[in-house]
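Chemist: Take a look at this one; I'll ask things after.
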There are 2 protein chains.
Amino acid sequence: MINDVRFSETAEQLQYSAIRASNRDDQNMISFSLGNPEQQFFPLKALQEAYEHVMQADQGQALQYSGTEGFEELRQYIVNERMTTAGVSTTKEEITLISGAQQGINLSAKLFVNKDDIIFCENPTFPGALNTFRQYHAKCIGIPTDKDGMIVDELERKLIQFPNAKMIYTIPDFHNPTGTVMSRERRKQLAKLGATYRIPIVEDSPYGDIVYDGERLPSVKSLDRDGWVVYLGSFSKILVPGLRTGWICATPDILSKFIMAKQNSDLQVSTLSQKLIIELTKRYSLKGHIHSLIKKYKERKEKMETSIKTYFPKDLDYTTPQGGFFFWIQLHADICTNTLLDEAIEHYHVTYVPGAPFYTEESPRNFLRLSFSSVQTDQIEEGMERLGRLLKKHFI
Amino acid sequence: MINDVRFSETAEQLQYSAIRASNRDDQNMISFSLGNPEQQFFPLKALQEAYEHVMQADQGQALQYSGTEGFEELRQYIVNERMTTAGVSTTKEEITLISGAQQGINLSAKLFVNKDDIIFCENPTFPGALNTFRQYHAKCIGIPTDKDGMIVDELERKLIQFPNAKMIYTIPDFHNPTGTVMSRERRKQLAKLGATYRIPIVEDSPYGDIVYDGERLPSVKSLDRDGWVVYLGSFSKILVPGLRTGWICATPDILSKFIMAKQNSDLQVSTLSQKLIIELTKRYSLKGHIHSLIKKYKERKEKMETSIKTYFPKDLDYTTPQGGFFFWIQLHADICTNTLLDEAIEHYHVTYVPGAPFYTEESPRNFLRLSFSSVQTDQIEEGMERLGRLLKKHFI
């Protein structure tokens with residue numbers, strides 16, 4: 001046993017994910033905590049066919065090393081299909097593959113941030129990003145949000161106040177955890193701020209294609225003429241997460257740094273994952289698949305919404321998401337969702353993610369995030385009824 | 001176009017891999033540069049069967065998110081089969097999965113090294129490690145090697161001279177690039193130095209199981225009683241690299257830091273990759289497969305050795321590897337293998353990796369690395385004949 005290992009400063013900053021930790025092993029548990037996609041919705045047959053074609057076609061190349069930036073064919077598909085739905089006209093020279101958007105967040109911090117540098121982000125925001133930024137010893141300054149996403153006027157005030165800030169991190173589409181969409185006007189304004197203040201904007205959009213109401217707004221990247229936006233995309237929510245495949249779209253000068261950093265981190269995305277996605281998209285409409293996903297997730301979203309109305313105390317504040325996987329619920333100011341979670345798990349067999357880890361600094365204790373994506377419709381009603389009973393007990 | 005992006009200090013350190021860059025697209029080219037395993041040796045049928053079982057059994061779980069440390073079943077297999085061949089008796093609580101050994105190198109530097117800290121390594125050593133260490137702004141001090149690997153007495157002198165050094169990186173088995181094996185005596189001595197000087201030793205052993213002559217020596221990890229050795233293993237050379245799966249074996253206190261850092265980097269290894277390896281090892285003998293790999297690679301190694309004797313100038317110094325994939329050749333002192341490479345590619349359609357990128361500091365220019373692993377036997381003879389002609393031309 002040794003207890004005098006001298007870890008790096010980075011190692012001392014590391015934390016486990018609050019979301020992953022909130023998941024427990026209990027058959028009777030209904031979990032609203034994980035934002036996993038529903039595995040019953042995975043296109044298993046199409047993936048099986050894709051696998052057979054991969055194996056017939058290339059005799060082992062799919063299991064060999066391959067280039068860090070990823071196969072041309074897959075990058076071209078991303079240009080033609082995925083980036084166009086984000087409103088971006090680009091070329092495969094501006095795309096490189098990564099092992100999911102989390103890796104894009106990590107590499108962004110690595111490339112843009114020195115110790116003690118400032119990163120701006122929405123407050124609240126995705127804890128996986130906050131943990132990563134802290135690991136790089138960045139100072140995260142949270143920008144307040146409203147129903148139209150980040151308040152970009154406030155961001156500009158901070159940009160003026162902190163001219164040495166190094167990066168802006170944003171989730172404009174169906175925000176995690178708030179579920180809100182950044183308005184078109186603010187997107188334009190944000191893209192402009194990048195160029196004006198010469199600061200990279202990392203736009204993280206894993207949920208962008210999962211739209212329930214209205215149409216997807218153009219990405220910030222699509223409104224950026226000068227190349228300050230780095231766009232992170234992922235196949236995790238629209239196809240499957242287990243292949244660990246996402247991408248970065250950025251101007252070539254910036255992209256080449258990402259490619260070097262990716263090579264240094266782990267060489268490349270799984271060759272088999274890439275080949276499977278290439279074959280799948282050749283013989284199967286991912287567009288049609290996403291269309292059917294939207295219908296199925298929308299049903300779950302609506303069940304959660306009606307359950308809030310039926311089972312929860314009447315005067316709660318929450319956002320109904322127009323896309324993505326999350327409801328963000330505000331309880332009475334005197335209720336702590338951290339404390340409440342123990343009771344929820346122990347006596348009601350239901351979990352959620354408490355709001356605190358989503359905040360950059362002092363956090364209100366009375367928020368919680370509910371995810372409906374991986375819970376079946378009848379289980380959503382059952383779980384919400386349980387949670388409603390717990391909440392009502394504390395809302396006297 | 002923007003040219004005023006303020007990258008981090010880390011980003012300014014990044015370089016492309018010299019090995020990956022030396023690979024060219026030319027049908028007529030014979031490449032001795034890449035240390036890829038031979039894809040004709042991949043067990044495609046067994047992997048096809050494994051895939052079918054995975055898909056029948058779990059209905060999508062293989063494509064879902066999964067825990068950062070990896071499935072228990074796979075970690076138990078690694079304990080039972082892979083770590084025992086390295087002479088290590090351990091438990092699954094001391095194993096976590098990574099996306100190949102390169103990620104283990106990267107995370108090791110992240111966890112143990114602050115800016116300007118010292119890392120000791122063999123000189124020469126694997127450039128993928130050197131690039132990574134430089135990215136973390138570490139100072140790499142190279143320890144000279146001889147036919148028995150790192151000269152550990154010299155390492156101890158440096159440990160006394162630099163008491164604040166943070167990490168030792170070593171490739172004791174069939175070293176890349178020198179092909180040498182660290183002697184049993186030096187392994188014991190090295191393990192002891194870790195405990196005496198309270199410094200982590202990162203033992204990288206991707207080639208350990210590919211033994212041509214004699215038996216595999218016990219790993220440094222197996223000789224370490226106090227937990228200072230972090231062992232990096234990989235399925236890339238003994239199974240396939242395209243699944244991007246390797247592992248770390250370390251004492252739980254250290255391992256938990258690796259798990260957090262892995263989660264922060266990219267959440268987890270591909271779920272499908274893990275499930276495929278689990279199913280494959282259940283119904284297929286990886287031990288038998290490695291046995292047959294050794295026979296096939298040994299044939300290539302012998303062809304390269306006889307070709308050196310037949311086609312190369314007579315008075316060259318080189319090591320015949322007892323395992324692994326590499327010959328390390330020393331040319332006359334006045335020949336620069338960087339300059340020679342252009343001529344080799346242009347006029348002889350043969351490539352190798354020049355020795356310079358393998359060195360920590362000022363490097364001799366007259367070394368080159370030849371890999372026989374992914375070149376067919378008759379092509380080895382042809383390529384060595386070409387290279388021999390080039391060398392003889394310059395050896396007048």
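We label chains A, B, ... in the order they appear in the structure tokens, count residues from 1 in each chain, and number ligands from 1 in the order shown.
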Report as a list in words: the residues of range 92-160 of chain A with a DSSP assignment of strand (DSSP E), based on the backbone of this structure.
Modeler: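 These are the residues in question: Ile95, Thr96, Leu97, Ile98, Ile118, Ile119, Phe120, Cys121, Glu122, Asn123, Lys139, Cys140, Ile141, Gly142, Ile143, Pro144, Thr145, Asp146, Gly149 and Met150 of chain A.
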Chemist: So that I have them on file, write out the residues from the current selection with C-alpha atoms, as a PDB file, in the first residue's frame.
Modeler:
```
ATOM      1  CA  ILE A  95     -14.184  17.544 -40.469  1.00  0.00           C
ATOM      2  CA  THR A  96     -12.275  15.205 -38.166  1.00  0.00           C
ATOM      3  CA  LEU A  97     -13.646  12.290 -36.167  1.00  0.00           C
ATOM      4  CA  ILE A  98     -13.593  12.003 -32.387  1.00  0.00           C
ATOM      5  CA  ILE A 118     -11.382  31.984 -18.384  1.00  0.00           C
ATOM      6  CA  ILE A 119     -14.059  29.969 -20.179  1.00  0.00           C
ATOM      7  CA  PHE A 120     -17.575  31.359 -20.529  1.00  0.00           C
ATOM      8  CA  CYS A 121     -20.515  28.967 -20.566  1.00  0.00           C
ATOM      9  CA  GLU A 122     -24.214  28.903 -19.890  1.00  0.00           C
ATOM     10  CA  ASN A 123     -25.129  28.707 -16.209  1.00  0.00           C
ATOM     11  CA  LYS A 139     -11.956  29.417 -14.452  1.00  0.00           C
ATOM     12  CA  CYS A 140     -15.540  28.874 -15.640  1.00  0.00           C
ATOM     13  CA  ILE A 141     -17.673  32.001 -15.652  1.00  0.00           C
ATOM     14  CA  GLY A 142     -21.355  31.174 -16.006  1.00  0.00           C
ATOM     15  CA  ILE A 143     -23.550  33.418 -18.138  1.00  0.00           C
ATOM     16  CA  PRO A 144     -27.177  33.539 -16.991  1.00  0.00           C
ATOM     17  CA  THR A 145     -29.833  32.058 -19.249  1.00  0.00           C
ATOM     18  CA  ASP A 146     -33.531  32.600 -19.818  1.00  0.00           C
ATOM     19  CA  GLY A 149     -30.861  30.434 -23.918  1.00  0.00           C
ATOM     20  CA  MET A 150     -27.686  32.265 -22.922  1.00  0.00           C
TER      21      MET A 150
END
```
Chemist: Taking only C-alpha atoms into account, produce a table as a Markdown table in which each residue of chain A with an atom at most 6 Å from an atom of chain B appears once, together with its shortest atom pair and the distance in Å to one decimal, ordered by chain and rising number.
Modeler:
```
| residue | atom | partner | partner_atom | distance |
| --- | --- | --- | --- | --- |
| A:Met1 | CA | B:Asp226 | CA | 5.9 |
| A:Phe7 | CA | B:Phe112 | CA | 4.7 |
| A:Ser8 | CA | B:Phe112 | CA | 4.7 |
| A:Ala11 | CA | B:Leu111 | CA | 4.9 |
| A:Tyr16 | CA | B:Met260 | CA | 5.6 |
| A:Gln39 | CA | B:Gly60 | CA | 5.4 |
| A:Gly60 | CA | B:Gln39 | CA | 5.4 |
| A:Leu63 | CA | B:Gly242 | CA | 4.0 |
| A:Gln64 | CA | B:Gly242 | CA | 4.6 |
| A:Tyr65 | CA | B:Gly242 | CA | 5.2 |
| A:Gln102 | CA | B:Asp266 | CA | 5.3 |
| A:Gln103 | CA | B:Asp266 | CA | 4.7 |
| A:Asn106 | CA | B:Ser265 | CA | 5.8 |
| A:Leu111 | CA | B:Ala11 | CA | 4.9 |
| A:Phe112 | CA | B:Ser8 | CA | 4.7 |
| A:Val113 | CA | B:Ser8 | CA | 5.1 |
| A:Asn114 | CA | B:Ser8 | CA | 5.4 |
| A:Thr132 | CA | B:Asn264 | CA | 5.9 |
| A:Asp226 | CA | B:Met1 | CA | 5.8 |
| A:Val240 | CA | B:Leu63 | CA | 5.8 |
| A:Pro241 | CA | B:Gln64 | CA | 5.4 |
| A:Gly242 | CA | B:Leu63 | CA | 4.0 |
| A:Leu243 | CA | B:Ser270 | CA | 5.2 |
| A:Arg244 | CA | B:Ser270 | CA | 5.5 |
| A:Met260 | CA | B:Tyr16 | CA | 5.6 |
| A:Asn264 | CA | B:Thr132 | CA | 5.9 |
| A:Ser265 | CA | B:Gln103 | CA | 5.3 |
| A:Asp266 | CA | B:Gln103 | CA | 4.7 |
| A:Ser270 | CA | B:Leu243 | CA | 5.2 |
| A:Thr271 | CA | B:Gly242 | CA | 4.7 |
```
Chemist: Could you check how far CA of Thr351 in chain B sits from CA of Gly70 in chain A, in Å to one decimal?
Modeler: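 Those two atoms sit 23.2 Å apart.
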Chemist: So which residues touch Arg184 in chain A within 7 Å, counting only C-alpha atoms, skipping near sequence neighbours fewer than 3 positions away, as a list in words?
Modeler: Arg187, Lys188 and Leu217 of chain A
Chemist: Restricting the output to C-alpha atoms, write the selected residues as a CSV table (one decimal), in the first residue's frame.
Modeler:
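Printed below is again_11.csv as written:
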```csv
chain,number,residue,atom,x,y,z
A,187,ARG,CA,-27.2,33.0,-32.3
A,188,LYS,CA,-26.4,35.7,-34.8
A,217,LEU,CA,-32.6,26.7,-35.9
```
Chemist: DSSP on the backbone, then: every residue of range 246-336 of chain B marked alpha helix (DSSP H), written as a compact mmCIF listing (two decimals) with N, CA and C atoms, in the first residue's frame.
Modeler:
```txt
# COMPACT_ATOMS: atom_id res chain seq x y z
N PRO B 252 -5.41 0.13 -6.71
CA PRO B 252 -6.70 0.83 -6.78
C PRO B 252 -6.63 2.35 -6.58
N ASP B 253 -5.78 2.84 -5.67
CA ASP B 253 -5.69 4.29 -5.46
C ASP B 253 -5.27 5.03 -6.72
N ILE B 254 -4.30 4.44 -7.41
CA ILE B 254 -3.82 5.06 -8.65
C ILE B 254 -4.86 4.84 -9.75
N LEU B 255 -5.41 3.62 -9.79
CA LEU B 255 -6.35 3.28 -10.86
C LEU B 255 -7.57 4.21 -10.86
N SER B 256 -8.05 4.57 -9.68
CA SER B 256 -9.25 5.42 -9.63
C SER B 256 -9.00 6.77 -10.32
N LYS B 257 -7.78 7.26 -10.26
CA LYS B 257 -7.45 8.51 -10.97
C LYS B 257 -7.51 8.28 -12.49
N PHE B 258 -7.01 7.14 -12.93
CA PHE B 258 -7.07 6.83 -14.35
C PHE B 258 -8.53 6.73 -14.82
N ILE B 259 -9.37 6.13 -14.00
CA ILE B 259 -10.78 5.98 -14.39
C ILE B 259 -11.43 7.36 -14.54
N MET B 260 -11.16 8.25 -13.58
CA MET B 260 -11.73 9.59 -13.68
C MET B 260 -11.22 10.32 -14.91
N ALA B 261 -9.92 10.18 -15.17
CA ALA B 261 -9.33 10.89 -16.32
C ALA B 261 -9.88 10.32 -17.63
N LYS B 262 -10.08 9.01 -17.68
CA LYS B 262 -10.66 8.38 -18.86
C LYS B 262 -12.10 8.87 -19.08
N GLN B 263 -12.87 8.93 -17.99
CA GLN B 263 -14.25 9.40 -18.09
C GLN B 263 -14.30 10.82 -18.65
N ASN B 264 -13.42 11.64 -18.15
CA ASN B 264 -13.31 13.01 -18.58
C ASN B 264 -12.86 13.16 -20.03
N SER B 265 -12.06 12.20 -20.48
CA SER B 265 -11.52 12.29 -21.84
C SER B 265 -12.54 11.89 -22.89
N ASP B 266 -13.20 10.76 -22.68
CA ASP B 266 -14.10 10.25 -23.72
C ASP B 266 -15.08 9.21 -23.18
N THR B 271 -18.45 0.23 -26.51
CA THR B 271 -19.16 -0.92 -25.91
C THR B 271 -19.10 -2.13 -26.83
N LEU B 272 -19.29 -1.90 -28.13
CA LEU B 272 -19.26 -3.00 -29.08
C LEU B 272 -17.89 -3.68 -29.08
N SER B 273 -16.82 -2.92 -29.06
CA SER B 273 -15.48 -3.51 -29.02
C SER B 273 -15.34 -4.44 -27.81
N GLN B 274 -15.79 -3.98 -26.66
CA GLN B 274 -15.68 -4.80 -25.44
C GLN B 274 -16.47 -6.09 -25.58
N LYS B 275 -17.73 -5.97 -26.05
CA LYS B 275 -18.59 -7.15 -26.17
C LYS B 275 -18.02 -8.16 -27.17
N LEU B 276 -17.45 -7.64 -28.26
CA LEU B 276 -16.85 -8.55 -29.26
C LEU B 276 -15.69 -9.32 -28.65
N ILE B 277 -14.86 -8.63 -27.89
CA ILE B 277 -13.70 -9.32 -27.30
C ILE B 277 -14.16 -10.33 -26.25
N ILE B 278 -15.17 -9.96 -25.46
CA ILE B 278 -15.71 -10.92 -24.48
C ILE B 278 -16.20 -12.18 -25.17
N GLU B 279 -17.03 -12.02 -26.20
CA GLU B 279 -17.58 -13.20 -26.88
C GLU B 279 -16.49 -14.00 -27.58
N LEU B 280 -15.54 -13.29 -28.20
CA LEU B 280 -14.46 -13.97 -28.89
C LEU B 280 -13.65 -14.84 -27.94
N THR B 281 -13.30 -14.29 -26.79
CA THR B 281 -12.45 -15.05 -25.87
C THR B 281 -13.21 -16.21 -25.24
N LYS B 282 -14.54 -16.16 -25.24
CA LYS B 282 -15.33 -17.28 -24.72
C LYS B 282 -15.28 -18.50 -25.62
N ARG B 283 -15.29 -18.25 -26.94
CA ARG B 283 -15.46 -19.39 -27.85
C ARG B 283 -14.25 -19.61 -28.75
N LEU B 286 -7.57 -17.38 -27.62
CA LEU B 286 -6.64 -16.31 -27.98
C LEU B 286 -5.21 -16.80 -27.78
N LYS B 287 -5.04 -17.69 -26.81
CA LYS B 287 -3.72 -18.27 -26.57
C LYS B 287 -3.24 -19.02 -27.83
N GLY B 288 -4.14 -19.84 -28.39
CA GLY B 288 -3.80 -20.57 -29.62
C GLY B 288 -3.52 -19.61 -30.77
N HIS B 289 -4.32 -18.54 -30.83
CA HIS B 289 -4.15 -17.55 -31.88
C HIS B 289 -2.77 -16.89 -31.77
N ILE B 290 -2.40 -16.51 -30.56
CA ILE B 290 -1.10 -15.87 -30.36
C ILE B 290 0.02 -16.83 -30.75
N HIS B 291 -0.17 -18.11 -30.41
CA HIS B 291 0.80 -19.12 -30.78
C HIS B 291 1.01 -19.16 -32.30
N SER B 292 -0.09 -19.09 -33.04
CA SER B 292 0.03 -19.14 -34.50
C SER B 292 0.58 -17.82 -35.04
N LEU B 293 0.23 -16.70 -34.40
CA LEU B 293 0.82 -15.41 -34.79
C LEU B 293 2.34 -15.44 -34.68
N ILE B 294 2.81 -16.00 -33.57
CA ILE B 294 4.25 -16.05 -33.32
C ILE B 294 4.96 -16.78 -34.45
N LYS B 295 4.39 -17.93 -34.86
CA LYS B 295 4.98 -18.71 -35.96
C LYS B 295 5.06 -17.88 -37.23
N LYS B 296 3.96 -17.18 -37.54
CA LYS B 296 3.91 -16.43 -38.79
C LYS B 296 4.83 -15.21 -38.76
N TYR B 297 4.83 -14.49 -37.66
CA TYR B 297 5.72 -13.32 -37.57
C TYR B 297 7.18 -13.75 -37.53
N LYS B 298 7.43 -14.90 -36.92
CA LYS B 298 8.81 -15.37 -36.83
C LYS B 298 9.38 -15.64 -38.23
N GLU B 299 8.53 -16.17 -39.10
CA GLU B 299 8.95 -16.42 -40.48
C GLU B 299 9.37 -15.10 -41.13
N ARG B 300 8.59 -14.05 -40.90
CA ARG B 300 8.91 -12.74 -41.48
C ARG B 300 10.20 -12.18 -40.87
N LYS B 301 10.31 -12.34 -39.56
CA LYS B 301 11.51 -11.85 -38.89
C LYS B 301 12.74 -12.53 -39.48
N GLU B 302 12.64 -13.85 -39.68
CA GLU B 302 13.80 -14.59 -40.19
C GLU B 302 14.13 -14.18 -41.62
N LYS B 303 13.06 -13.92 -42.39
CA LYS B 303 13.31 -13.46 -43.77
C LYS B 303 14.02 -12.11 -43.76
N MET B 304 13.62 -11.24 -42.84
CA MET B 304 14.29 -9.94 -42.77
C MET B 304 15.75 -10.11 -42.35
N GLU B 305 15.97 -11.00 -41.41
CA GLU B 305 17.34 -11.20 -40.94
C GLU B 305 18.24 -11.76 -42.06
N THR B 306 17.76 -12.80 -42.76
CA THR B 306 18.59 -13.35 -43.84
C THR B 306 18.77 -12.31 -44.94
N SER B 307 17.75 -11.48 -45.16
CA SER B 307 17.88 -10.44 -46.19
C SER B 307 18.92 -9.39 -45.80
N ILE B 308 18.99 -9.08 -44.52
CA ILE B 308 20.04 -8.14 -44.07
C ILE B 308 21.40 -8.74 -44.42
N LYS B 309 21.55 -10.04 -44.11
CA LYS B 309 22.84 -10.70 -44.38
C LYS B 309 23.13 -10.78 -45.88
N THR B 310 22.09 -10.99 -46.67
CA THR B 310 22.28 -11.15 -48.11
C THR B 310 22.48 -9.82 -48.82
N TYR B 311 21.65 -8.82 -48.49
CA TYR B 311 21.59 -7.62 -49.34
C TYR B 311 22.23 -6.37 -48.76
```
Chemist: Just how far from CA of Tyr207 in chain B is CA of Ile380 in chain B, in Å to one decimal?
Modeler: 20.5 Å
Chemist: Between CA of Val54 in chain B and CA of Tyr77 in chain B, what is the spacing in Å?
Modeler: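 These two atoms are separated by 16.8 Å.
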Chemist: Can you pull out the residues contacting Pro354 in chain B? Cut-off 7 Å, using only C-alpha atoms, and skip same-chain residues under 2 positions away; I want them as a list of chain:residue names.
Modeler: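 Those residues are B:Thr337, B:Asn338, B:Tyr352, B:Ala356, B:Phe367, B:Leu368, B:Arg369.
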Chemist: Give me a file of those residues, with C-alpha atoms, as a tab-separated table (two decimals), in the first residue's frame.
Modeler:
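Done, and the output landed in part_38.tsv:
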```
chain	number	residue	atom	x	y	z
B	337	THR	CA	18.76	8.45	-42.47
B	338	ASN	CA	16.45	11.46	-42.78
B	352	TYR	CA	11.49	2.97	-43.11
B	356	ALA	CA	15.94	10.82	-35.02
B	367	PHE	CA	19.84	4.87	-37.25
B	368	LEU	CA	16.72	3.50	-38.85
B	369	ARG	CA	13.86	1.26	-37.77
```
Chemist: Would you please work out which residue, of B:Phe325, B:Pro124, B:Thr90, B:Val211, is nearest to Tyr359 in chain B when using only C-alpha atoms?
Modeler: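 Distance minimum relative to Tyr359 in chain B lands on B:Pro124.
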Chemist: List the spatial neighbours of Lys393 in chain A as a list in words - criterion: any atom at most 12 Å away, only C-alpha atoms, same-chain residues fewer than 3 positions off excluded.
Modeler: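 Those residues are Tyr311, Phe312, Pro313, Ile335, Leu340, Glu343, Ala344, Tyr348, Arg386, Leu387, Gly388, Arg389, Leu390 and Ile396 of chain A.
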